[in-house]
file structure_32.pdb (PDB, C-alpha atoms)
ATOM      1  CA  MET A   1     -75.027  60.082 132.256
ATOM      2  CA  LEU A   2     -72.697  59.649 129.339
ATOM      3  CA  ILE A   3     -73.139  56.484 127.287
ATOM      4  CA  GLU A   4     -70.833  54.882 124.721
ATOM      5  CA  THR A   5     -73.094  53.124 122.230
ATOM      6  CA  CYS A   6     -70.645  50.607 120.823
ATOM      7  CA  VAL A   7     -67.758  48.703 122.372
ATOM      8  CA  LEU A   8     -66.427  45.478 120.867
ATOM      9  CA  ASN A   9     -64.488  44.388 123.943
ATOM     10  CA  SER A  10     -65.980  44.748 127.454
ATOM     11  CA  LYS A  11     -62.556  44.506 129.117
ATOM     12  CA  ILE A  12     -61.870  48.171 128.359
ATOM     13  CA  PHE A  13     -64.614  49.333 130.727
ATOM     14  CA  ASP A  14     -62.093  50.700 133.271
ATOM     15  CA  VAL A  15     -60.551  52.929 130.623
ATOM     16  CA  LEU A  16     -64.024  53.990 129.459
ATOM     17  CA  LYS A  17     -64.741  55.140 132.998
ATOM     18  CA  THR A  18     -61.563  57.201 133.221
ATOM     19  CA  VAL A  19     -62.314  58.729 129.822
ATOM     20  CA  GLY A  20     -65.682  59.877 131.157
ATOM     21  CA  TYR A  21     -68.315  57.336 130.125
ATOM     22  CA  ASP A  22     -70.689  55.930 132.738
ATOM     23  CA  TYR A  23     -72.323  53.150 130.738
ATOM     24  CA  PHE A  24     -71.851  51.330 127.452
ATOM     25  CA  LEU A  25     -73.344  48.907 124.942
ATOM     26  CA  SER A  26     -71.074  45.976 124.129
ATOM     27  CA  GLU A  27     -71.015  43.555 121.234
ATOM     28  CA  ASP A  28     -69.707  40.663 123.378
ATOM     29  CA  GLY A  29     -72.320  41.210 126.112
ATOM     30  CA  LEU A  30     -69.990  40.350 129.010
ATOM     31  CA  MET A  31     -70.540  43.730 130.651
ATOM     32  CA  GLY A  32     -72.972  46.563 130.040
ATOM     33  CA  GLN A  33     -75.963  46.175 127.791
ATOM     34  CA  LYS A  34     -75.638  43.749 124.895
ATOM     35  CA  ARG A  35     -76.027  44.889 121.322
ATOM     36  CA  ILE A  36     -75.925  42.926 118.088
ATOM     37  CA  THR A  37     -75.054  44.386 114.708
ATOM     38  CA  ILE A  38     -76.225  42.566 111.610
ATOM     39  CA  THR A  39     -75.595  43.296 107.960
ATOM     40  CA  ALA A  40     -78.746  42.699 105.946
ATOM     41  CA  LYS A  41     -78.848  42.305 102.180
ATOM     42  CA  ASN A  42     -82.653  41.997 102.208
ATOM     43  CA  SER A  43     -85.594  42.091 104.604
ATOM     44  CA  GLU A  44     -85.773  38.277 104.829
ATOM     45  CA  SER A  45     -82.377  38.095 106.539
ATOM     46  CA  ILE A  46     -83.651  40.524 109.200
ATOM     47  CA  ILE A  47     -86.876  38.520 109.652
ATOM     48  CA  ASN A  48     -84.885  35.273 110.010
ATOM     49  CA  PHE A  49     -82.617  36.897 112.570
ATOM     50  CA  LEU A  50     -85.527  38.298 114.596
ATOM     51  CA  LYS A  51     -87.080  34.784 114.724
ATOM     52  CA  THR A  52     -84.189  33.762 117.017
ATOM     53  CA  ASN A  53     -85.610  36.278 119.530
ATOM     54  CA  PRO A  54     -82.363  37.956 120.538
ATOM     55  CA  LYS A  55     -82.316  39.577 123.985
ATOM     56  CA  ALA A  56     -80.235  42.539 122.957
ATOM     57  CA  LEU A  57     -80.414  45.814 121.123
ATOM     58  CA  VAL A  58     -80.402  45.041 117.411
ATOM     59  CA  PHE A  59     -78.510  47.361 115.090
ATOM     60  CA  VAL A  60     -78.975  46.770 111.368
ATOM     61  CA  LYS A  61     -76.680  47.779 108.551
ATOM     62  CA  PRO A  62     -78.973  47.533 105.503
ATOM     63  CA  LEU A  63     -77.504  47.042 102.062
ATOM     64  CA  SER A  64     -80.721  47.342 100.059
ATOM     65  CA  ILE A  65     -83.773  49.615 100.007
ATOM     66  CA  ASP A  66     -85.979  46.682 101.027
ATOM     67  CA  ALA A  67     -83.867  45.936 104.107
ATOM     68  CA  LEU A  68     -83.657  49.618 105.045
ATOM     69  CA  LYS A  69     -87.426  50.063 104.809
ATOM     70  CA  TYR A  70     -88.017  46.987 106.969
ATOM     71  CA  ALA A  71     -85.409  48.107 109.537
ATOM     72  CA  ILE A  72     -87.025  51.516 109.881
ATOM     73  CA  THR A  73     -90.581  50.269 110.282
ATOM     74  CA  ASN A  74     -89.843  47.349 112.634
ATOM     75  CA  ASN A  75     -89.981  48.199 116.357
ATOM     76  CA  LYS A  76     -87.574  45.404 117.309
ATOM     77  CA  ILE A  77     -84.759  47.108 115.437
ATOM     78  CA  SER A  78     -83.126  49.650 117.755
ATOM     79  CA  ALA A  79     -81.072  51.622 115.254
ATOM     80  CA  ILE A  80     -79.711  51.695 111.722
ATOM     81  CA  VAL A  81     -76.010  51.778 110.935
ATOM     82  CA  LEU A  82     -74.934  54.296 108.308
ATOM     83  CA  SER A  83     -71.669  53.901 106.427
ATOM     84  CA  LEU A  84     -70.185  54.573 103.013
ATOM     85  CA  ASP A  85     -71.566  51.223 101.750
ATOM     86  CA  ASN A  86     -75.214  52.121 102.291
ATOM     87  CA  LEU A  87     -75.128  55.907 102.029
ATOM     88  CA  HIS A  88     -76.733  55.819  98.564
ATOM     89  CA  LEU A  89     -79.871  54.191 100.023
ATOM     90  CA  PHE A  90     -80.729  57.190 102.181
ATOM     91  CA  LYS A  91     -82.921  59.123  99.756
ATOM     92  CA  LYS A  92     -85.527  61.693 100.751
ATOM     93  CA  THR A  93     -88.346  59.143 101.046
ATOM     94  CA  MET A  94     -86.302  56.957 103.395
ATOM     95  CA  LEU A  95     -85.246  59.955 105.474
ATOM     96  CA  ASN A  96     -88.896  60.997 105.785
ATOM     97  CA  LEU A  97     -89.674  57.472 106.980
ATOM     98  CA  ILE A  98     -86.859  57.695 109.559
ATOM     99  CA  ARG A  99     -88.336  60.954 110.842
ATOM    100  CA  GLN A 100     -91.813  59.427 110.974
ATOM    101  CA  TYR A 101     -90.647  56.422 113.046
ATOM    102  CA  ASP A 102     -88.068  58.391 115.119
ATOM    103  CA  LYS A 103     -85.399  55.815 114.316
ATOM    104  CA  PRO A 104     -81.846  56.436 115.585
ATOM    105  CA  VAL A 105     -79.063  56.293 112.999
ATOM    106  CA  GLU A 106     -75.546  55.308 114.021
ATOM    107  CA  VAL A 107     -72.179  56.207 112.511
ATOM    108  CA  GLN A 108     -69.200  54.191 113.697
ATOM    109  CA  LEU A 109     -66.043  56.242 114.204
ATOM    110  CA  ARG A 110     -63.733  53.215 114.054
ATOM    111  CA  ASP A 111     -62.874  54.007 110.446
ATOM    112  CA  PHE A 112     -64.941  57.131 109.890
ATOM    113  CA  ASN A 113     -65.401  58.905 106.602
ATOM    114  CA  SER A 114     -65.718  62.694 106.523
ATOM    115  CA  PHE A 115     -68.294  62.545 103.726
ATOM    116  CA  VAL A 116     -70.564  60.275 105.797
ATOM    117  CA  LEU A 117     -70.125  62.496 108.865
ATOM    118  CA  ARG A 118     -70.992  65.605 106.892
ATOM    119  CA  LYS A 119     -74.095  63.905 105.464
ATOM    120  CA  ILE A 120     -75.415  62.744 108.839
ATOM    121  CA  ILE A 121     -74.857  66.229 110.319
ATOM    122  CA  VAL A 122     -76.889  67.831 107.529
ATOM    123  CA  TRP A 123     -79.644  65.211 107.803
ATOM    124  CA  SER A 124     -79.752  65.477 111.607
ATOM    125  CA  TYR A 125     -80.990  69.057 111.375
ATOM    126  CA  LYS A 126     -84.108  67.967 109.496
ATOM    127  CA  TRP A 127     -84.732  64.235 109.450
ATOM    128  CA  ILE A 128     -82.713  62.224 111.960
ATOM    129  CA  SER A 129     -83.779  62.989 115.539
ATOM    130  CA  TYR A 130     -81.210  60.780 117.270
ATOM    131  CA  PRO A 131     -77.854  60.462 115.512
ATOM    132  CA  LEU A 132     -75.409  58.196 117.347
ATOM    133  CA  PHE A 133     -71.639  58.407 117.099
ATOM    134  CA  SER A 134     -69.943  55.289 118.452
ATOM    135  CA  SER A 135     -66.302  54.402 118.943
ATOM    136  CA  CYS A 136     -66.708  50.638 118.351
ATOM    137  CA  ALA A 137     -63.376  50.137 120.086
ATOM    138  CA  SER A 138     -61.826  46.723 120.475
ATOM    139  CA  ASN A 139     -58.804  48.118 122.296
ATOM    140  CA  PHE A 140     -58.529  51.050 124.691
ATOM    141  CA  ASP A 141     -56.525  53.205 122.257
ATOM    142  CA  GLU A 142     -59.476  53.223 119.842
ATOM    143  CA  ILE A 143     -61.869  54.929 122.252
ATOM    144  CA  TRP A 144     -63.181  58.338 121.215
ATOM    145  CA  PRO A 145     -63.452  60.663 124.258
ATOM    146  CA  PRO A 146     -66.689  62.724 124.354
ATOM    147  CA  LEU A 147     -64.890  66.074 123.917
ATOM    148  CA  SER A 148     -63.122  64.774 120.811
ATOM    149  CA  LYS A 149     -66.438  63.556 119.395
ATOM    150  CA  VAL A 150     -68.002  66.992 119.902
ATOM    151  CA  ASP A 151     -65.103  68.789 118.258
ATOM    152  CA  LEU A 152     -65.009  66.277 115.395
ATOM    153  CA  LEU A 153     -68.639  67.160 114.640
ATOM    154  CA  VAL A 154     -67.959  70.891 115.033
ATOM    155  CA  ILE A 155     -65.108  70.846 112.508
ATOM    156  CA  HIS A 156     -67.404  68.977 110.114
ATOM    157  CA  GLY A 157     -69.929  71.819 110.274
ATOM    158  CA  ALA A 158     -72.232  71.090 113.207
ATOM    159  CA  ASP A 159     -73.192  73.726 115.773
ATOM    160  CA  GLU A 160     -71.527  73.235 119.125
ATOM    161  CA  GLU A 161     -74.837  73.110 121.015
ATOM    162  CA  GLU A 162     -76.284  70.528 118.630
ATOM    163  CA  ALA A 163     -73.107  68.429 118.729
ATOM    164  CA  ILE A 164     -73.183  68.352 122.546
ATOM    165  CA  LYS A 165     -76.859  67.401 122.439
ATOM    166  CA  TRP A 166     -76.224  64.532 120.028
ATOM    167  CA  ILE A 167     -73.280  63.148 122.003
ATOM    168  CA  TYR A 168     -74.874  63.438 125.442
ATOM    169  CA  PHE A 169     -78.596  62.883 124.926
ATOM    170  CA  SER A 170     -79.112  60.683 121.816
ATOM    171  CA  PRO A 171     -77.681  57.525 123.526
ATOM    172  CA  GLN A 172     -79.912  58.196 126.554
ATOM    173  CA  LYS A 173     -82.949  58.351 124.264
ATOM    174  CA  LEU A 174     -81.908  55.038 122.680
ATOM    175  CA  ILE A 175     -81.616  53.369 126.102
ATOM    176  CA  SER A 176     -84.916  54.783 127.378
ATOM    177  CA  LYS A 177     -86.679  53.652 124.195
ATOM    178  CA  ASN A 178     -85.419  50.051 124.644
ATOM    179  CA  GLU A 179     -85.718  49.686 128.407
ATOM    180  CA  HIS A 180     -87.422  46.292 128.146
ATOM    181  CA  PHE A 181     -84.114  44.588 127.193
TER     182      PHE A 181
ATOM    183  CA  MET B   1     -82.301 125.858  66.300
ATOM    184  CA  ASN B   2     -78.544 125.508  65.714
ATOM    185  CA  ILE B   3     -77.798 127.982  68.458
ATOM    186  CA  PHE B   4     -80.038 126.067  70.869
ATOM    187  CA  ASN B   5     -78.228 122.778  70.060
ATOM    188  CA  LEU B   6     -74.882 124.470  70.580
ATOM    189  CA  ILE B   7     -75.982 125.777  73.982
ATOM    190  CA  VAL B   8     -77.154 122.296  75.062
ATOM    191  CA  VAL B   9     -73.894 120.671  73.947
ATOM    192  CA  LEU B  10     -71.846 123.311  75.760
ATOM    193  CA  TRP B  11     -73.962 122.907  78.892
ATOM    194  CA  LEU B  12     -73.604 119.125  78.933
ATOM    195  CA  SER B  13     -69.850 119.249  78.270
ATOM    196  CA  ALA B  14     -69.428 121.750  81.093
ATOM    197  CA  LEU B  15     -71.360 119.452  83.417
ATOM    198  CA  THR B  16     -69.211 116.479  82.393
ATOM    199  CA  ILE B  17     -65.984 118.391  83.062
ATOM    200  CA  ILE B  18     -67.252 119.536  86.479
ATOM    201  CA  PHE B  19     -68.294 115.989  87.345
ATOM    202  CA  LEU B  20     -64.950 114.484  86.313
ATOM    203  CA  LEU B  21     -62.990 117.112  88.239
ATOM    204  CA  SER B  22     -65.079 116.623  91.352
ATOM    205  CA  TYR B  23     -64.781 112.811  91.038
ATOM    206  CA  ARG B  24     -61.000 113.010  90.874
ATOM    207  CA  THR B  25     -60.724 115.149  93.980
ATOM    208  CA  LYS B  26     -63.435 113.281  95.865
ATOM    209  CA  VAL B  27     -62.156 111.310  98.854
ATOM    210  CA  ILE B  28     -63.837 107.947  99.173
ATOM    211  CA  TYR B  29     -64.318 107.086 102.805
ATOM    212  CA  ILE B  30     -63.829 103.398 103.539
ATOM    213  CA  LYS B  31     -64.432 102.209 107.026
ATOM    214  CA  LYS B  32     -61.723  99.807 108.026
ATOM    215  CA  ILE B  33     -63.175  96.811 109.778
ATOM    216  CA  LYS B  34     -60.713  95.321 112.152
ATOM    217  CA  ASN B  35     -60.903  91.667 112.985
ATOM    218  CA  LYS B  36     -61.414  91.791 116.700
ATOM    219  CA  ARG B  37     -60.872  88.080 117.121
ATOM    220  CA  ASP B  38     -57.230  87.756 117.869
ATOM    221  CA  ILE B  39     -56.439  84.633 115.926
ATOM    222  CA  LYS B  40     -52.937  84.432 117.317
ATOM    223  CA  ALA B  41     -54.164  84.110 120.895
ATOM    224  CA  LYS B  42     -52.658  81.050 122.505
ATOM    225  CA  ARG B  43     -54.607  78.108 123.789
ATOM    226  CA  TYR B  44     -53.290  75.359 126.026
ATOM    227  CA  VAL B  45     -55.005  71.993 125.872
ATOM    228  CA  ILE B  46     -54.594  69.749 128.904
ATOM    229  CA  PHE B  47     -54.778  66.047 128.152
ATOM    230  CA  ASP B  48     -54.422  62.798 130.049
ATOM    231  CA  ILE B  49     -52.103  60.066 128.837
ATOM    232  CA  ILE B  50     -53.456  56.543 129.203
ATOM    233  CA  SER B  51     -50.727  54.021 128.536
ATOM    234  CA  GLN B  52     -48.886  51.239 130.304
ATOM    235  CA  GLU B  53     -45.619  52.188 128.666
ATOM    236  CA  THR B  54     -43.413  55.211 129.251
ATOM    237  CA  LEU B  55     -43.465  57.827 126.542
ATOM    238  CA  GLU B  56     -40.994  60.546 125.672
ATOM    239  CA  LEU B  57     -42.062  64.130 125.019
ATOM    240  CA  LYS B  58     -40.803  64.005 121.425
ATOM    241  CA  GLU B  59     -42.767  60.833 120.703
ATOM    242  CA  ILE B  60     -45.970  62.419 122.036
ATOM    243  CA  GLU B  61     -45.472  65.606 120.005
ATOM    244  CA  GLU B  62     -44.732  63.672 116.817
ATOM    245  CA  SER B  63     -47.782  61.449 117.250
ATOM    246  CA  ILE B  64     -50.060  64.458 117.902
ATOM    247  CA  ARG B  65     -48.681  66.334 114.889
ATOM    248  CA  ASN B  66     -49.190  63.248 112.700
ATOM    249  CA  ALA B  67     -52.764  62.911 113.963
ATOM    250  CA  VAL B  68     -53.575  66.557 113.150
ATOM    251  CA  LYS B  69     -52.043  66.068 109.702
ATOM    252  CA  GLU B  70     -54.116  62.921 109.174
ATOM    253  CA  LEU B  71     -57.375  64.657 110.033
ATOM    254  CA  GLY B  72     -56.868  68.181 108.727
ATOM    255  CA  GLY B  73     -53.981  67.911 106.295
ATOM    256  CA  LYS B  74     -50.839  70.015 106.036
ATOM    257  CA  ILE B  75     -52.751  73.305 106.064
ATOM    258  CA  TRP B  76     -54.394  72.682 109.422
ATOM    259  CA  LEU B  77     -51.174  71.312 110.885
ATOM    260  CA  GLU B  78     -49.423  74.566 110.032
ATOM    261  CA  ILE B  79     -52.336  76.663 111.328
ATOM    262  CA  ALA B  80     -52.738  74.761 114.596
ATOM    263  CA  ASN B  81     -48.979  74.143 115.038
ATOM    264  CA  PRO B  82     -49.351  71.980 118.169
ATOM    265  CA  LYS B  83     -46.361  71.774 120.490
ATOM    266  CA  VAL B  84     -46.169  69.683 123.629
ATOM    267  CA  ILE B  85     -45.032  72.060 126.369
ATOM    268  CA  MET B  86     -44.633  69.594 129.196
ATOM    269  CA  VAL B  87     -45.616  66.212 130.566
ATOM    270  CA  TYR B  88     -46.240  65.848 134.286
ATOM    271  CA  GLN B  89     -47.152  62.423 135.718
ATOM    272  CA  ASN B  90     -49.880  61.231 133.332
ATOM    273  CA  HIS B  91     -50.974  64.727 132.254
ATOM    274  CA  GLY B  92     -49.709  66.788 129.371
ATOM    275  CA  ILE B  93     -50.014  70.345 128.081
ATOM    276  CA  VAL B  94     -50.026  71.092 124.364
ATOM    277  CA  SER B  95     -49.959  74.625 122.989
ATOM    278  CA  THR B  96     -51.942  75.735 119.959
ATOM    279  CA  ASN B  97     -53.972  78.805 118.955
ATOM    280  CA  ARG B  98     -57.561  79.948 118.941
ATOM    281  CA  ILE B  99     -58.303  78.662 115.433
ATOM    282  CA  GLY B 100     -56.625  75.306 115.719
ATOM    283  CA  TYR B 101     -57.561  74.013 119.150
ATOM    284  CA  LYS B 102     -60.745  72.297 117.973
ATOM    285  CA  ILE B 103     -59.018  70.286 115.273
ATOM    286  CA  LEU B 104     -56.318  69.407 117.800
ATOM    287  CA  ILE B 105     -58.870  68.042 120.287
ATOM    288  CA  ALA B 106     -60.692  66.163 117.519
ATOM    289  CA  SER B 107     -57.507  64.523 116.294
ATOM    290  CA  LEU B 108     -56.148  63.406 119.702
ATOM    291  CA  PRO B 109     -57.823  59.925 119.498
ATOM    292  CA  LEU B 110     -56.104  59.371 116.144
ATOM    293  CA  ALA B 111     -52.646  59.768 117.676
ATOM    294  CA  ARG B 112     -50.583  56.584 117.465
ATOM    295  CA  VAL B 113     -47.132  55.860 118.822
ATOM    296  CA  GLN B 114     -45.118  53.106 117.131
ATOM    297  CA  ASN B 115     -45.531  49.699 118.784
ATOM    298  CA  LYS B 116     -47.195  51.281 121.825
ATOM    299  CA  HIS B 117     -50.826  51.432 122.848
ATOM    300  CA  VAL B 118     -51.639  54.935 123.978
ATOM    301  CA  LEU B 119     -54.731  57.106 124.328
ATOM    302  CA  PHE B 120     -54.738  60.873 124.756
ATOM    303  CA  VAL B 121     -57.868  62.201 126.470
ATOM    304  CA  PRO B 122     -58.514  65.946 126.235
ATOM    305  CA  ARG B 123     -59.609  67.463 129.561
ATOM    306  CA  ARG B 124     -59.531  71.255 129.557
ATOM    307  CA  THR B 125     -58.578  74.196 127.372
ATOM    308  CA  THR B 126     -57.145  77.346 128.921
ATOM    309  CA  GLY B 127     -55.686  80.614 127.726
ATOM    310  CA  SER B 128     -52.705  80.803 130.054
ATOM    311  CA  LEU B 129     -49.889  78.416 130.735
ATOM    312  CA  LYS B 130     -49.887  79.372 134.393
ATOM    313  CA  ARG B 131     -53.470  78.204 134.799
ATOM    314  CA  ALA B 132     -52.805  75.052 132.760
ATOM    315  CA  LYS B 133     -49.914  74.164 135.069
ATOM    316  CA  LYS B 134     -52.087  74.823 138.099
ATOM    317  CA  LEU B 135     -54.808  72.542 136.716
ATOM    318  CA  ILE B 136     -52.451  69.578 136.331
ATOM    319  CA  GLY B 137     -51.110  70.059 139.854
ATOM    320  CA  ILE B 138     -47.908  72.085 139.437
ATOM    321  CA  LYS B 139     -47.735  74.982 141.896
TER     322      LYS B 139
END
call {"tool": "encode", "arguments": {"input": "structure_32.pdb", "output": "structure tokens"}}
result
Amino acid sequence: MLIETCVLNSKIFDVLKTVGYDYFLSEDGLMGQKRITITAKNSESIINFLKTNPKALVFVKPLSIDALKYAITNNKISAIVLSLDNLHLFKKTMLNLIRQYDKPVEVQLRDFNSFVLRKIIVWSYKWISYPLFSSCASNFDEIWPPLSKVDLLVIHGADEEEAIKWIYFSPQKLISKNEHF
Amino acid sequence: MNIFNLIVVLWLSALTIIFLLSYRTKVIYIKKIKNKRDIKAKRYVIFDIISQETLELKEIEESIRNAVKELGGKIWLEIANPKVIMVYQNHGIVSTNRIGYKILIASLPLARVQNKHVLFVPRRTTGSLKRAKKLIGIK
């Protein structure tokens, strides 16, 4: 089962099916499993958000060390979003913590950066067990087909076998870990 | 003592001359390693076209070439040199080579046609045009 881990608009589900995906996580929650992405400047903003008891997968984009540490250690947070804004936070200690808690890390391909992709590929060999690569498409022409995702990782230096594993099995692990939602 | 020194000097100079002469005539054997991977071998990528509007072959080729240039730059565009061979119903065949087909597949989602929403989905890669045509349903 092939899963797309981020879709902004559920109406493109028909196209997703023809592209090859069987299931998806959507930000609007109309179809598929709902996910919420929050940008956190500190741990308090995450705590305040979790008090609302959201019935969805929570993805956090931390902008400080404090928020990142809290996002890794909290079980209610499903995954962490990595981008150019928070790349500097991912030092060795934080990566060790990610490995310890088996936390998935997501990169959104909507406006991807080659430097970020290269970094997550290198880290995925040692620290990040479940890297996620999501389209975050709001329209059907922004969808990344699975074959294109694999080859994008391969041209950035990943092994083909590993790239296939990350694209096919990491989203399944994320879903199985958060089955209670 | 002087005679002994003279003999040693003569002996060493004779050795040097012999060595230099033998070095000049010596044939150095270098094993030529041929690159067995034929980098010019053709590859044909079959892709699906998802769009509600009709597209011309030139438009598709231009958008794919722009996408490859956006991702890999001018160097990779010239290496991959993608050319749209044909469009049949909502399938297309684009030709490239063994080095460039991965960057071509990776850059297909970046392809944009002016004022039109379109998505190119890579399906298969083959080595012969005959097989590619067969796969999209042309007999």
call {"tool": "resolve_selection", "arguments": {"input": "structure_32.pdb", "expression": "the PyMOL selection byres ((chain B) within 10 of (chain A))", "output": "compact mmCIF listing (two decimals) with C-alpha atoms, in the frame of the given file"}}
result
# COMPACT_ATOMS: atom_id res chain seq x y z
CA ASP B 48 -54.42 62.80 130.05
CA ILE B 50 -53.46 56.54 129.20
CA SER B 51 -50.73 54.02 128.54
CA LEU B 71 -57.38 64.66 110.03
CA GLY B 72 -56.87 68.18 108.73
CA TYR B 101 -57.56 74.01 119.15
CA LYS B 102 -60.74 72.30 117.97
CA ILE B 103 -59.02 70.29 115.27
CA LEU B 104 -56.32 69.41 117.80
CA ILE B 105 -58.87 68.04 120.29
CA ALA B 106 -60.69 66.16 117.52
CA SER B 107 -57.51 64.52 116.29
CA LEU B 108 -56.15 63.41 119.70
CA PRO B 109 -57.82 59.92 119.50
CA LEU B 110 -56.10 59.37 116.14
CA ALA B 111 -52.65 59.77 117.68
CA ARG B 112 -50.58 56.58 117.46
CA LYS B 116 -47.20 51.28 121.82
CA HIS B 117 -50.83 51.43 122.85
CA VAL B 118 -51.64 54.94 123.98
CA LEU B 119 -54.73 57.11 124.33
CA PHE B 120 -54.74 60.87 124.76
CA VAL B 121 -57.87 62.20 126.47
CA PRO B 122 -58.51 65.95 126.24
CA ARG B 123 -59.61 67.46 129.56
CA ARG B 124 -59.53 71.26 129.56
call {"tool": "atom_distance", "arguments": {"input": "structure_32.pdb", "atom1": "CA of Val45 (chain B)", "atom2": "CA of Thr5 (chain A)"}}
result
26.4 Å
call {"tool": "closest_residue", "arguments": {"input": "structure_32.pdb", "among": "A:Ser78, A:Ser134, A:Ser129, A:Asn178", "to": "Val107 (chain A)", "atoms": "only C-alpha atoms"}}
result
A:Ser134
call {"tool": "residues_around", "arguments": {"input": "structure_32.pdb", "residues": "region 28-41 of chain A", "least_positions_apart": "2", "cutoff": "8 Å", "atoms": "only C-alpha atoms", "output": "list in words"}}
result
Cys6, Leu8, Asn9, Ser10, Tyr23, Phe24, Leu25, Ser26, Ser43, Ser45, Ile46, Lys55, Ala56, Leu57, Val58, Phe59, Val60, Lys61, Pro62, Leu63, Ser64 and Ala67 of chain A
call {"tool": "closest_residue", "arguments": {"input": "structure_32.pdb", "among": "B:Ile60, B:Ser22, B:Lys74, B:Thr125", "to": "Val87 (chain B)", "atoms": "only C-alpha atoms"}}
result
B:Ile60
call {"tool": "closest_residue", "arguments": {"input": "structure_32.pdb", "among": "B:Gln52, B:Asn5, B:Asn66, B:Thr126", "to": "Ser95 (chain B)", "atoms": "all atoms listed in the file"}}
result
B:Thr126
call {"tool": "residues_around", "arguments": {"input": "structure_32.pdb", "residues": "Glu59 (chain B)", "least_positions_apart": "4", "cutoff": "8 Å", "atoms": "all atoms listed in the file", "output": "JSON, numbers by chain"}}
result
{"B": [55, 63, 113]}
call {"tool": "closest_residue", "arguments": {"input": "structure_32.pdb", "among": "A:Ala163, A:Asp66, A:Arg110, A:Leu97", "to": "Val122 (chain A)", "atoms": "all atoms listed in the file"}}
result
A:Ala163
call {"tool": "atom_distance", "arguments": {"input": "structure_32.pdb", "atom1": "CA of Ala158 (chain A)", "atom2": "CA of Arg65 (chain B)"}}
result
24.1 Å
call {"tool": "closest_residue", "arguments": {"input": "structure_32.pdb", "among": "A:Tyr70, A:Phe90, A:Phe112, A:Phe13", "to": "Ile47 (chain A)", "atoms": "all atoms listed in the file"}}
result
A:Tyr70
call {"tool": "atom_distance", "arguments": {"input": "structure_32.pdb", "atom1": "CA of Gly100 (chain B)", "atom2": "CA of Val84 (chain B)"}}
result
14.3 Å
call {"tool": "resolve_selection", "arguments": {"input": "structure_32.pdb", "expression": "the PyMOL selection byres ((chain B and resi 133) around 12)", "output": "PyMOL selection string"}}
result
chain B and resi 44-47+85-88+91-94+124-132+134-139
call {"tool": "closest_residue", "arguments": {"input": "structure_32.pdb", "among": "B:Glu53, B:Gln89, B:Leu6, B:Ala41", "to": "Gln114 (chain B)", "atoms": "all atoms listed in the file"}}
result
B:Glu53
call {"tool": "decode", "arguments": {"input": "structure_32.pdb", "residues": "region 52-91 of chain A", "atoms": "C-alpha atoms", "output": "mmCIF file, in the first residue's frame"}}
result
data_model
loop_
_atom_site.group_PDB
_atom_site.id
_atom_site.type_symbol
_atom_site.label_atom_id
_atom_site.label_comp_id
_atom_site.auth_asym_id
_atom_site.auth_seq_id
_atom_site.Cartn_x
_atom_site.Cartn_y
_atom_site.Cartn_z
ATOM 1 C CA THR A 52 -7.177 21.183 22.554
ATOM 2 C CA ASN A 53 -6.941 17.384 22.141
ATOM 3 C CA PRO A 54 -6.831 17.238 18.354
ATOM 4 C CA LYS A 55 -8.056 13.999 16.767
ATOM 5 C CA ALA A 56 -5.485 13.954 14.020
ATOM 6 C CA LEU A 57 -1.859 13.230 13.344
ATOM 7 C CA VAL A 58 0.147 16.188 14.609
ATOM 8 C CA PHE A 59 3.175 17.299 12.622
ATOM 9 C CA VAL A 60 5.376 19.939 14.236
ATOM 10 C CA LYS A 61 7.761 22.323 12.549
ATOM 11 C CA PRO A 62 9.965 23.465 15.455
ATOM 12 C CA LEU A 63 11.809 26.751 15.258
ATOM 13 C CA SER A 64 13.793 26.447 18.485
ATOM 14 C CA ILE A 65 15.821 23.766 20.271
ATOM 15 C CA ASP A 66 13.291 23.743 23.117
ATOM 16 C CA ALA A 67 10.379 23.066 20.758
ATOM 17 C CA LEU A 68 12.336 20.413 18.855
ATOM 18 C CA LYS A 69 13.273 18.576 22.051
ATOM 19 C CA TYR A 70 9.658 18.610 23.239
ATOM 20 C CA ALA A 71 8.372 17.436 19.830
ATOM 21 C CA ILE A 72 10.765 14.499 19.796
ATOM 22 C CA THR A 73 10.027 13.302 23.315
ATOM 23 C CA ASN A 74 6.232 13.730 23.223
ATOM 24 C CA ASN A 75 4.288 10.662 22.036
ATOM 25 C CA LYS A 76 1.344 12.736 20.791
ATOM 26 C CA ILE A 77 3.511 14.322 18.123
ATOM 27 C CA SER A 78 3.530 12.050 15.067
ATOM 28 C CA ALA A 79 6.415 13.557 13.125
ATOM 29 C CA ILE A 80 8.737 16.531 12.819
ATOM 30 C CA VAL A 81 8.891 18.724 9.739
ATOM 31 C CA LEU A 82 12.370 19.551 8.470
ATOM 32 C CA SER A 83 12.991 22.557 6.248
ATOM 33 C CA LEU A 84 15.645 25.164 5.564
ATOM 34 C CA ASP A 85 14.290 27.304 8.448
ATOM 35 C CA ASN A 86 15.000 24.737 11.152
ATOM 36 C CA LEU A 87 17.874 22.780 9.629
ATOM 37 C CA HIS A 88 20.394 24.431 11.977
ATOM 38 C CA LEU A 89 18.606 22.930 15.006
ATOM 39 C CA PHE A 90 19.363 19.353 13.997
ATOM 40 C CA LYS A 91 22.681 18.869 15.781
#
